[in-house]
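Asks: If it helps, the file is called structure.pdb and holds PDB, C-alpha atoms, pLDDT in the B column:
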```pdb
ATOM      1  CA  MET A   1     109.294 115.927  79.624  1.00 53.00           C
ATOM      2  CA  ALA A   2     113.025 115.310  79.711  1.00 52.00           C
ATOM      3  CA  ALA A   3     114.634 113.251  76.977  1.00 53.00           C
ATOM      4  CA  ILE A   4     116.031 109.868  77.904  1.00 48.00           C
ATOM      5  CA  SER A   5     119.822 110.019  77.830  1.00 51.00           C
ATOM      6  CA  PRO A   6     121.324 107.759  75.150  1.00 47.00           C
ATOM      7  CA  SER A   7     124.126 106.879  77.608  1.00 55.00           C
ATOM      8  CA  LEU A   8     121.715 105.030  79.875  1.00 67.00           C
ATOM      9  CA  SER A   9     121.068 101.311  79.564  1.00 82.00           C
ATOM     10  CA  PRO A  10     118.095  99.961  77.615  1.00 90.00           C
ATOM     11  CA  PHE A  11     116.565  99.063  80.997  1.00 93.00           C
ATOM     12  CA  HIS A  12     116.873 102.673  82.126  1.00 93.00           C
ATOM     13  CA  ALA A  13     115.158 103.849  78.947  1.00 93.00           C
ATOM     14  CA  HIS A  14     112.374 101.271  79.190  1.00 95.00           C
ATOM     15  CA  PHE A  15     111.608 101.752  82.870  1.00 97.00           C
ATOM     16  CA  THR A  16     111.882 105.535  82.650  1.00 96.00           C
ATOM     17  CA  ARG A  17     109.209 105.411  79.955  1.00 95.00           C
ATOM     18  CA  GLN A  18     107.145 103.112  82.144  1.00 97.00           C
ATOM     19  CA  ALA A  19     107.499 105.481  85.100  1.00 97.00           C
ATOM     20  CA  ARG A  20     106.405 108.464  82.997  1.00 97.00           C
ATOM     21  CA  TYR A  21     103.469 106.507  81.611  1.00 98.00           C
ATOM     22  CA  HIS A  22     102.575 105.417  85.137  1.00 98.00           C
ATOM     23  CA  MET A  23     102.501 109.023  86.336  1.00 97.00           C
ATOM     24  CA  TRP A  24     100.462 110.148  83.321  1.00 98.00           C
ATOM     25  CA  ALA A  25      97.952 107.296  83.713  1.00 98.00           C
ATOM     26  CA  THR A  26      97.636 107.881  87.459  1.00 98.00           C
ATOM     27  CA  HIS A  27      96.784 111.543  86.866  1.00 98.00           C
ATOM     28  CA  ARG A  28      94.261 110.700  84.141  1.00 98.00           C
ATOM     29  CA  LEU A  29      92.604 108.024  86.260  1.00 98.00           C
ATOM     30  CA  LEU A  30      92.342 110.276  89.310  1.00 98.00           C
ATOM     31  CA  ASP A  31      90.880 113.042  87.158  1.00 98.00           C
ATOM     32  CA  ALA A  32      88.157 110.636  85.986  1.00 98.00           C
ATOM     33  CA  VAL A  33      87.571 109.383  89.541  1.00 98.00           C
ATOM     34  CA  SER A  34      87.161 112.977  90.787  1.00 97.00           C
ATOM     35  CA  ARG A  35      83.845 113.195  88.902  1.00 97.00           C
ATOM     36  CA  VAL A  36      82.329 110.277  90.862  1.00 97.00           C
ATOM     37  CA  SER A  37      80.066 111.019  93.825  1.00 98.00           C
ATOM     38  CA  ASP A  38      81.349 110.136  97.294  1.00 97.00           C
ATOM     39  CA  GLU A  39      78.665 107.467  97.515  1.00 98.00           C
ATOM     40  CA  ASP A  40      79.753 105.774  94.276  1.00 98.00           C
ATOM     41  CA  TYR A  41      83.438 106.260  95.133  1.00 98.00           C
ATOM     42  CA  LYS A  42      83.026 104.153  98.293  1.00 98.00           C
ATOM     43  CA  ARG A  43      80.361 101.779  96.941  1.00 97.00           C
ATOM     44  CA  ASP A  44      81.205  98.069  96.771  1.00 98.00           C
ATOM     45  CA  VAL A  45      81.279  97.579  93.002  1.00 97.00           C
ATOM     46  CA  GLY A  46      82.667  94.055  93.110  1.00 96.00           C
ATOM     47  CA  LEU A  47      86.357  94.866  92.777  1.00 97.00           C
ATOM     48  CA  PHE A  48      88.870  92.712  94.635  1.00 96.00           C
ATOM     49  CA  PHE A  49      89.284  95.590  97.107  1.00 98.00           C
ATOM     50  CA  LYS A  50      85.546  96.261  96.808  1.00 98.00           C
ATOM     51  CA  SER A  51      85.338  99.981  95.974  1.00 98.00           C
ATOM     52  CA  ILE A  52      87.265 102.520  93.950  1.00 98.00           C
ATOM     53  CA  HIS A  53      88.441 103.936  97.278  1.00 98.00           C
ATOM     54  CA  GLY A  54      89.561 100.509  98.509  1.00 98.00           C
ATOM     55  CA  THR A  55      91.426  99.823  95.267  1.00 98.00           C
ATOM     56  CA  LEU A  56      93.174 103.199  95.331  1.00 98.00           C
ATOM     57  CA  ASN A  57      94.241 102.551  98.935  1.00 98.00           C
ATOM     58  CA  HIS A  58      95.543  99.149  97.847  1.00 98.00           C
ATOM     59  CA  LEU A  59      97.639 100.872  95.172  1.00 98.00           C
ATOM     60  CA  LEU A  60      99.026 103.218  97.830  1.00 98.00           C
ATOM     61  CA  VAL A  61      99.914 100.274 100.065  1.00 97.00           C
ATOM     62  CA  GLY A  62     101.262  97.936  97.407  1.00 96.00           C
ATOM     63  CA  GLU A  63     103.073 100.282  95.103  1.00 96.00           C
ATOM     64  CA  HIS A  64     104.244 103.088  97.323  1.00 94.00           C
ATOM     65  CA  LEU A  65     104.501 101.750 100.845  1.00 96.00           C
ATOM     66  CA  LEU A  66     105.676  98.206 100.040  1.00 97.00           C
ATOM     67  CA  TRP A  67     107.359  97.987  96.635  1.00 98.00           C
ATOM     68  CA  TYR A  68     108.850 101.480  96.621  1.00 98.00           C
ATOM     69  CA  ALA A  69     110.340 100.807 100.076  1.00 98.00           C
ATOM     70  CA  ARG A  70     111.729  97.496  98.847  1.00 98.00           C
ATOM     71  CA  PHE A  71     113.346  99.070  95.792  1.00 98.00           C
ATOM     72  CA  SER A  72     114.510 102.347  97.334  1.00 97.00           C
ATOM     73  CA  LYS A  73     115.456 101.394 100.904  1.00 97.00           C
ATOM     74  CA  GLY A  74     115.738  97.624 100.902  1.00 96.00           C
ATOM     75  CA  THR A  75     113.057  97.424 103.601  1.00 96.00           C
ATOM     76  CA  SER A  76     109.907  95.323 103.682  1.00 95.00           C
ATOM     77  CA  PRO A  77     107.196  96.987 105.751  1.00 94.00           C
ATOM     78  CA  MET A  78     104.493  94.710 107.116  1.00 93.00           C
ATOM     79  CA  LEU A  79     101.168  96.129 105.960  1.00 93.00           C
ATOM     80  CA  ALA A  80      97.856  94.561 105.100  1.00 94.00           C
ATOM     81  CA  LEU A  81      97.168  94.806 101.372  1.00 95.00           C
ATOM     82  CA  ASP A  82      93.639  96.014 102.111  1.00 96.00           C
ATOM     83  CA  ALA A  83      94.641  98.621 104.717  1.00 95.00           C
ATOM     84  CA  GLU A  84      92.936 101.973 104.479  1.00 96.00           C
ATOM     85  CA  ILE A  85      96.011 104.167 104.792  1.00 96.00           C
ATOM     86  CA  GLU A  86      94.310 107.359 103.673  1.00 97.00           C
ATOM     87  CA  PRO A  87      90.564 107.765 104.308  1.00 98.00           C
ATOM     88  CA  ASP A  88      90.375 111.198 102.655  1.00 98.00           C
ATOM     89  CA  ARG A  89      89.994 110.861  98.895  1.00 97.00           C
ATOM     90  CA  GLU A  90      91.733 114.164  98.103  1.00 98.00           C
ATOM     91  CA  ARG A  91      94.782 113.323 100.215  1.00 98.00           C
ATOM     92  CA  LEU A  92      94.779 109.776  98.817  1.00 98.00           C
ATOM     93  CA  GLY A  93      94.893 111.162  95.283  1.00 98.00           C
ATOM     94  CA  GLN A  94      97.766 113.477  96.191  1.00 98.00           C
ATOM     95  CA  ALA A  95      99.675 110.593  97.816  1.00 98.00           C
ATOM     96  CA  LEU A  96      99.222 108.457  94.686  1.00 98.00           C
ATOM     97  CA  LYS A  97     100.367 111.283  92.390  1.00 98.00           C
ATOM     98  CA  GLY A  98     103.370 112.017  94.578  1.00 97.00           C
ATOM     99  CA  GLY A  99     104.276 108.355  94.793  1.00 97.00           C
ATOM    100  CA  ALA A 100     104.019 107.910  91.030  1.00 97.00           C
ATOM    101  CA  ALA A 101     106.337 110.888  90.542  1.00 97.00           C
ATOM    102  CA  ASN A 102     109.058 109.252  92.686  1.00 97.00           C
ATOM    103  CA  TRP A 103     109.773 106.292  90.415  1.00 98.00           C
ATOM    104  CA  GLU A 104     111.491 108.092  87.530  1.00 96.00           C
ATOM    105  CA  HIS A 105     114.094 109.694  89.805  1.00 96.00           C
ATOM    106  CA  LEU A 106     114.717 106.401  91.620  1.00 97.00           C
ATOM    107  CA  ILE A 107     115.233 104.519  88.356  1.00 97.00           C
ATOM    108  CA  ALA A 108     117.645 107.151  87.038  1.00 94.00           C
ATOM    109  CA  GLY A 109     119.911 106.643  90.043  1.00 94.00           C
ATOM    110  CA  TRP A 110     120.499 102.927  89.539  1.00 95.00           C
ATOM    111  CA  PRO A 111     123.636 101.666  87.799  1.00 94.00           C
ATOM    112  CA  ALA A 112     122.925  99.650  84.641  1.00 93.00           C
ATOM    113  CA  GLU A 113     124.088  96.384  86.228  1.00 93.00           C
ATOM    114  CA  ARG A 114     121.446  96.715  88.954  1.00 95.00           C
ATOM    115  CA  PHE A 115     118.758  95.660  86.479  1.00 96.00           C
ATOM    116  CA  ASP A 116     120.521  92.324  85.946  1.00 95.00           C
ATOM    117  CA  GLY A 117     120.582  91.561  89.677  1.00 96.00           C
ATOM    118  CA  GLN A 118     118.102  90.329  92.212  1.00 98.00           C
ATOM    119  CA  LEU A 119     115.693  92.136  94.531  1.00 98.00           C
ATOM    120  CA  ASP A 120     115.923  90.664  98.006  1.00 98.00           C
ATOM    121  CA  TYR A 121     112.985  91.387 100.301  1.00 97.00           C
ATOM    122  CA  ARG A 122     110.594  89.793 102.762  1.00 96.00           C
ATOM    123  CA  THR A 123     107.082  88.764 101.768  1.00 94.00           C
ATOM    124  CA  MET A 124     104.004  89.900 103.648  1.00 90.00           C
ATOM    125  CA  LYS A 125     104.415  86.751 105.766  1.00 90.00           C
ATOM    126  CA  GLY A 126     108.039  87.634 106.581  1.00 93.00           C
ATOM    127  CA  VAL A 127     109.537  84.978 104.308  1.00 96.00           C
ATOM    128  CA  PRO A 128     112.825  85.979 102.596  1.00 97.00           C
ATOM    129  CA  GLN A 129     112.451  86.246  98.833  1.00 97.00           C
ATOM    130  CA  SER A 130     114.832  86.957  95.969  1.00 98.00           C
ATOM    131  CA  LEU A 131     113.454  87.728  92.510  1.00 98.00           C
ATOM    132  CA  PRO A 132     114.911  89.108  89.274  1.00 98.00           C
ATOM    133  CA  PHE A 133     115.223  92.867  89.769  1.00 98.00           C
ATOM    134  CA  ALA A 134     114.001  94.067  86.344  1.00 97.00           C
ATOM    135  CA  ALA A 135     111.118  91.584  86.164  1.00 98.00           C
ATOM    136  CA  THR A 136     109.977  92.552  89.649  1.00 98.00           C
ATOM    137  CA  LEU A 137     110.108  96.241  88.759  1.00 98.00           C
ATOM    138  CA  ALA A 138     107.990  95.421  85.693  1.00 98.00           C
ATOM    139  CA  HIS A 139     105.529  93.770  88.086  1.00 98.00           C
ATOM    140  CA  VAL A 140     105.110  97.045  89.992  1.00 98.00           C
ATOM    141  CA  PHE A 141     104.024  98.923  86.876  1.00 98.00           C
ATOM    142  CA  ASN A 142     101.962  95.988  85.577  1.00 97.00           C
ATOM    143  CA  HIS A 143     100.182  95.727  88.939  1.00 97.00           C
ATOM    144  CA  ALA A 144      99.208  99.393  88.774  1.00 97.00           C
ATOM    145  CA  THR A 145      97.925  98.948  85.216  1.00 97.00           C
ATOM    146  CA  HIS A 146      95.832  95.971  86.337  1.00 97.00           C
ATOM    147  CA  HIS A 147      94.122  97.939  89.086  1.00 98.00           C
ATOM    148  CA  ARG A 148      93.671 101.055  86.935  1.00 98.00           C
ATOM    149  CA  GLY A 149      91.832  98.779  84.504  1.00 97.00           C
ATOM    150  CA  GLN A 150      89.581  97.542  87.291  1.00 98.00           C
ATOM    151  CA  ILE A 151      88.788 101.104  88.352  1.00 98.00           C
ATOM    152  CA  THR A 152      88.113 102.091  84.743  1.00 98.00           C
ATOM    153  CA  ALA A 153      85.639  99.202  84.468  1.00 97.00           C
ATOM    154  CA  ALA A 154      83.994 100.328  87.719  1.00 98.00           C
ATOM    155  CA  LEU A 155      83.673 103.875  86.384  1.00 98.00           C
ATOM    156  CA  THR A 156      81.992 102.558  83.259  1.00 97.00           C
ATOM    157  CA  ALA A 157      79.632 100.387  85.329  1.00 96.00           C
ATOM    158  CA  LEU A 158      78.734 103.482  87.372  1.00 97.00           C
ATOM    159  CA  GLY A 159      77.788 105.323  84.158  1.00 96.00           C
ATOM    160  CA  GLN A 160      80.934 107.456  84.086  1.00 96.00           C
ATOM    161  CA  PRO A 161      83.318 107.770  81.160  1.00 94.00           C
ATOM    162  CA  GLY A 162      86.469 105.724  81.542  1.00 93.00           C
ATOM    163  CA  PRO A 163      89.727 107.471  80.714  1.00 96.00           C
ATOM    164  CA  GLU A 164      91.834 106.368  77.749  1.00 94.00           C
ATOM    165  CA  LEU A 165      94.922 104.909  79.414  1.00 96.00           C
ATOM    166  CA  ASP A 166      96.620 102.890  76.674  1.00 95.00           C
ATOM    167  CA  TRP A 167     100.384 103.241  76.848  1.00 94.00           C
ATOM    168  CA  VAL A 168     100.531 103.874  73.097  1.00 95.00           C
ATOM    169  CA  TYR A 169      98.586 107.129  73.622  1.00 94.00           C
ATOM    170  CA  HIS A 170     101.199 108.268  76.098  1.00 94.00           C
ATOM    171  CA  LEU A 171     103.995 107.288  73.710  1.00 93.00           C
ATOM    172  CA  GLN A 172     102.284 109.295  70.957  1.00 95.00           C
ATOM    173  CA  LEU A 173     102.043 112.327  73.251  1.00 94.00           C
ATOM    174  CA  GLU A 174     105.720 112.059  74.146  1.00 93.00           C
ATOM    175  CA  ALA A 175     106.674 111.750  70.481  1.00 94.00           C
ATOM    176  CA  ALA A 176     104.641 114.859  69.623  1.00 94.00           C
ATOM    177  CA  GLU A 177     106.231 116.770  72.538  1.00 92.00           C
ATOM    178  CA  ALA A 178     109.710 115.768  71.365  1.00 92.00           C
ATOM    179  CA  LYS A 179     108.995 117.235  67.903  1.00 92.00           C
ATOM    180  CA  LYS A 180     108.007 120.649  69.295  1.00 89.00           C
ATOM    181  CA  PRO A 181     110.674 123.329  68.926  1.00 87.00           C
TER     182      PRO A 181
END
```
Would it be possible to restate this file's structure as structure tokens?

Replies:
Amino acid sequence: MAAISPSLSPFHAHFTRQARYHMWATHRLLDAVSRVSDEDYKRDVGLFFKSIHGTLNHLLVGEHLLWYARFSKGTSPMLALDAEIEPDRERLGQALKGGAANWEHLIAGWPAERFDGQLDYRTMKGVPQSLPFAATLAHVFNHATHHRGQITAALTALGQPGPELDWVYHLQLEAAEAKKP
């Protein structure tokens, strides 16, 4: 874990922490999901995207293929939010881990004033949209937390242990790591 440079803006510090938490939580969730049978993994458990598999694919679409493209390239791909981009659960997990790892580097490259600007993109219906940049970035991480919570509830309903994903646990781990010589 690299320290957050004191010369960066408060937004850089906040969103870098969010990106690191996001990566940590994604890994922990996928580790818990790996213990679920293939049948339960694809079972309709009443989630908005039906199964754990469907919800993980939604995270790949929404976070990595749509929002990351909007923030990193200024493009707005047209994808269905329920598209099954990756049918293989192992490759899907790797894509989610890799995608989560991309955010910290992207955030570090933005000038401080970027956070005070707007994010211009096109909605899924092709309608131009302009939203506050920092608030929309917060949405990306909040959205992932929302769906990780749904998957955690599904794991519990399937008789599996749900991972502890509270951000405060990650902050405590980072604080302990920072104290190590």

Asks: Please, what distance in Å, to one decimal, runs between CA of His27 (chain A) and CA of Leu96 (chain A)?

Replies: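 Between these atoms lies a distance of 8.8 Å.
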
Asks: Taking a cut-off of 10 Å and counting all atoms listed in the file, can you build a table that, for each residue of region 118-157 of chain A near region 34-49 of chain A, reports the nearest atom pair and how far apart they are in Å (one decimal), sorted by chain then residue number, as JSON lines?

Replies:
```
{"residue": "A:His147", "atom": "CA", "partner": "A:Leu47", "partner_atom": "CA", "distance": 9.1}
{"residue": "A:Gln150", "atom": "CA", "partner": "A:Leu47", "partner_atom": "CA", "distance": 6.9}
{"residue": "A:Ile151", "atom": "CA", "partner": "A:Leu47", "partner_atom": "CA", "distance": 8.0}
{"residue": "A:Ala153", "atom": "CA", "partner": "A:Leu47", "partner_atom": "CA", "distance": 9.4}
{"residue": "A:Ala154", "atom": "CA", "partner": "A:Val45", "partner_atom": "CA", "distance": 6.5}
{"residue": "A:Leu155", "atom": "CA", "partner": "A:Val36", "partner_atom": "CA", "distance": 7.9}
{"residue": "A:Ala157", "atom": "CA", "partner": "A:Val45", "partner_atom": "CA", "distance": 8.3}
```

Asks: Go ahead and write the selection's residues with C-alpha atoms as an mmCIF file, in the coordinates of the input.

Replies:
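Written output follows (again-v2.cif):
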```cif
data_model
loop_
_atom_site.group_PDB
_atom_site.id
_atom_site.type_symbol
_atom_site.label_atom_id
_atom_site.label_comp_id
_atom_site.auth_asym_id
_atom_site.auth_seq_id
_atom_site.Cartn_x
_atom_site.Cartn_y
_atom_site.Cartn_z
ATOM 1 C CA HIS A 147 94.122 97.939 89.086
ATOM 2 C CA GLN A 150 89.581 97.542 87.291
ATOM 3 C CA ILE A 151 88.788 101.104 88.352
ATOM 4 C CA ALA A 153 85.639 99.202 84.468
ATOM 5 C CA ALA A 154 83.994 100.328 87.719
ATOM 6 C CA LEU A 155 83.673 103.875 86.384
ATOM 7 C CA ALA A 157 79.632 100.387 85.329
#
```

Asks: Hey, which of A:His143, A:Lys180, A:Arg114, A:Lys50 ends up closest to Ser9 (chain A)? Count all atoms listed in the file.

Replies: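 Closest to Ser9 (chain A), using all atoms listed in the file: A:Arg114.
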
Asks: Taking 2 positions as the minimum chain separation for residues in the same chain, which residues sit within 9 Å of Ala134 (chain A) when counting all atoms listed in the file? Answer as an NGL selection string.

Replies: :A and (11 or 15 or 114-119 or 131-132 or 136-139)

Asks: Please compute the CA of Gly162 (chain A)-CA of Leu66 (chain A) distance, one decimal, in Å.

Replies: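 Between CA of Gly162 (chain A) and CA of Leu66 (chain A) the gap is 27.7 Å.
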
Asks: As an exercise, work out the distance from CA of Gly54 (chain A) to CA of Met23 (chain A) in Å and give it to one decimal place.

Replies: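 Answer for the CA of Gly54 (chain A) to CA of Met23 (chain A) separation: 19.7 Å.
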
Asks: May I have the residues within 9 Å of region 100-107 of chain A as a PDB file with C-alpha atoms, in the coordinates of the input, using all atoms listed in the file and disregarding those fewer than 3 positions away in the same chain?

Replies:
```
ATOM      1  CA  HIS A  12     116.873 102.673  82.126  1.00 93.00           C
ATOM      2  CA  PHE A  15     111.608 101.752  82.870  1.00 97.00           C
ATOM      3  CA  THR A  16     111.882 105.535  82.650  1.00 96.00           C
ATOM      4  CA  ARG A  17     109.209 105.411  79.955  1.00 95.00           C
ATOM      5  CA  GLN A  18     107.145 103.112  82.144  1.00 97.00           C
ATOM      6  CA  ALA A  19     107.499 105.481  85.100  1.00 97.00           C
ATOM      7  CA  ARG A  20     106.405 108.464  82.997  1.00 97.00           C
ATOM      8  CA  HIS A  22     102.575 105.417  85.137  1.00 98.00           C
ATOM      9  CA  MET A  23     102.501 109.023  86.336  1.00 97.00           C
ATOM     10  CA  TRP A  24     100.462 110.148  83.321  1.00 98.00           C
ATOM     11  CA  THR A  26      97.636 107.881  87.459  1.00 98.00           C
ATOM     12  CA  GLU A  63     103.073 100.282  95.103  1.00 96.00           C
ATOM     13  CA  HIS A  64     104.244 103.088  97.323  1.00 94.00           C
ATOM     14  CA  TYR A  68     108.850 101.480  96.621  1.00 98.00           C
ATOM     15  CA  PHE A  71     113.346  99.070  95.792  1.00 98.00           C
ATOM     16  CA  SER A  72     114.510 102.347  97.334  1.00 97.00           C
ATOM     17  CA  ALA A  95      99.675 110.593  97.816  1.00 98.00           C
ATOM     18  CA  LEU A  96      99.222 108.457  94.686  1.00 98.00           C
ATOM     19  CA  LYS A  97     100.367 111.283  92.390  1.00 98.00           C
ATOM     20  CA  TRP A 110     120.499 102.927  89.539  1.00 95.00           C
ATOM     21  CA  PRO A 111     123.636 101.666  87.799  1.00 94.00           C
TER      22      PRO A 111
END
```

Asks: Tell me which residues the PyMOL selection byres ((chain A and resi 82) around 9) grabs here, as a PDB file with C-alpha atoms, in the coordinates of the input.

Replies:
```pdb
ATOM      1  CA  PHE A  49      89.284  95.590  97.107  1.00 98.00           C
ATOM      2  CA  GLY A  54      89.561 100.509  98.509  1.00 98.00           C
ATOM      3  CA  THR A  55      91.426  99.823  95.267  1.00 98.00           C
ATOM      4  CA  ASN A  57      94.241 102.551  98.935  1.00 98.00           C
ATOM      5  CA  HIS A  58      95.543  99.149  97.847  1.00 98.00           C
ATOM      6  CA  VAL A  61      99.914 100.274 100.065  1.00 97.00           C
ATOM      7  CA  LEU A  79     101.168  96.129 105.960  1.00 93.00           C
ATOM      8  CA  ALA A  80      97.856  94.561 105.100  1.00 94.00           C
ATOM      9  CA  LEU A  81      97.168  94.806 101.372  1.00 95.00           C
ATOM     10  CA  ALA A  83      94.641  98.621 104.717  1.00 95.00           C
ATOM     11  CA  GLU A  84      92.936 101.973 104.479  1.00 96.00           C
ATOM     12  CA  ILE A  85      96.011 104.167 104.792  1.00 96.00           C
TER      13      ILE A  85
END
```

Asks: Can you tell me, as a list in words, what residues are no more than 8 Å from region 88-93 of chain A when counting all atoms listed in the file, ignoring any on the same chain fewer than 5 positions away?

Replies: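 Listing them by chain and then by number gives Leu30, His53, Leu56, Asn57 and Leu60 of chain A.
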
Asks: Just checking: using all atoms listed in the file, which residue out of A:Gly98, A:His146, A:Ile52, A:His14 ends up closest to Asp166 (chain A)?

Replies: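 Of A:Gly98, A:His146, A:Ile52, A:His14, the one nearest Asp166 (chain A), counting all atoms listed in the file, is A:His146.
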
Asks: Considering only C-alpha atoms, can you say which of A:Pro10, A:Ala178, A:Gly62, A:Leu29 comes closest to Gly149 (chain A)?

Replies: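 Going through A:Pro10, A:Ala178, A:Gly62, A:Leu29 one by one, the smallest distance to Gly149 (chain A) is for A:Leu29.
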
Asks: Smallest atom-to-atom distance to Gly99 (chain A): which of A:Ala135, A:Ala176, A:Met124, A:Leu65, using all atoms listed in the file?

Replies: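 Under the stated criterion, the closest residue is A:Leu65.
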
Asks: Can you sort out region 159-166 of chain A so it carries all heavy atoms, written as a CSV table (one decimal), keeping the file's coordinate frame?

Replies:
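See rebuild.csv below for the written result:
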```
chain,number,residue,atom,x,y,z
A,159,GLY,N,78.3,104.4,85.1
A,159,GLY,CA,77.8,105.3,84.2
A,159,GLY,C,78.7,106.5,83.9
A,159,GLY,O,78.3,107.5,83.3
A,160,GLN,N,80.0,106.4,84.3
A,160,GLN,CA,80.9,107.5,84.1
A,160,GLN,C,81.8,107.1,82.9
A,160,GLN,O,82.1,105.9,82.6
A,160,GLN,CB,81.8,107.6,85.3
A,160,GLN,CG,81.0,108.0,86.6
A,160,GLN,CD,80.5,109.4,86.5
A,160,GLN,OE1,81.1,110.3,85.9
A,160,GLN,NE2,79.3,109.6,87.0
A,161,PRO,N,82.4,108.1,82.2
A,161,PRO,CA,83.3,107.8,81.2
A,161,PRO,C,84.6,107.3,81.7
A,161,PRO,O,85.1,107.8,82.8
A,161,PRO,CB,83.5,109.1,80.4
A,161,PRO,CG,83.1,110.2,81.4
A,161,PRO,CD,82.1,109.5,82.3
A,162,GLY,N,85.2,106.2,81.1
A,162,GLY,CA,86.5,105.7,81.5
A,162,GLY,C,87.6,106.5,80.8
A,162,GLY,O,87.4,106.7,79.6
A,163,PRO,N,88.7,106.8,81.4
A,163,PRO,CA,89.7,107.5,80.7
A,163,PRO,C,90.5,106.5,79.8
A,163,PRO,O,90.6,105.4,80.0
A,163,PRO,CB,90.6,107.9,81.9
A,163,PRO,CG,90.4,106.9,82.9
A,163,PRO,CD,89.0,106.5,82.8
A,164,GLU,N,91.0,107.1,78.7
A,164,GLU,CA,91.8,106.4,77.7
A,164,GLU,C,93.2,106.3,78.4
A,164,GLU,O,93.8,107.3,78.6
A,164,GLU,CB,91.9,107.1,76.4
A,164,GLU,CG,90.7,107.0,75.6
A,164,GLU,CD,90.5,105.6,75.0
A,164,GLU,OE1,91.4,104.8,74.9
A,164,GLU,OE2,89.4,105.4,74.5
A,165,LEU,N,93.7,105.1,78.7
A,165,LEU,CA,94.9,104.9,79.4
A,165,LEU,C,95.9,104.0,78.7
A,165,LEU,O,97.0,103.7,79.3
A,165,LEU,CB,94.7,104.3,80.8
A,165,LEU,CG,93.8,105.1,81.8
A,165,LEU,CD1,93.6,104.4,83.1
A,165,LEU,CD2,94.4,106.5,82.0
A,166,ASP,N,95.7,103.7,77.4
A,166,ASP,CA,96.6,102.9,76.7
A,166,ASP,C,98.0,103.5,76.6
A,166,ASP,O,98.1,104.7,76.3
A,166,ASP,CB,96.1,102.6,75.3
A,166,ASP,CG,95.0,101.7,75.2
A,166,ASP,OD1,94.6,101.1,76.3
A,166,ASP,OD2,94.4,101.4,74.1
```
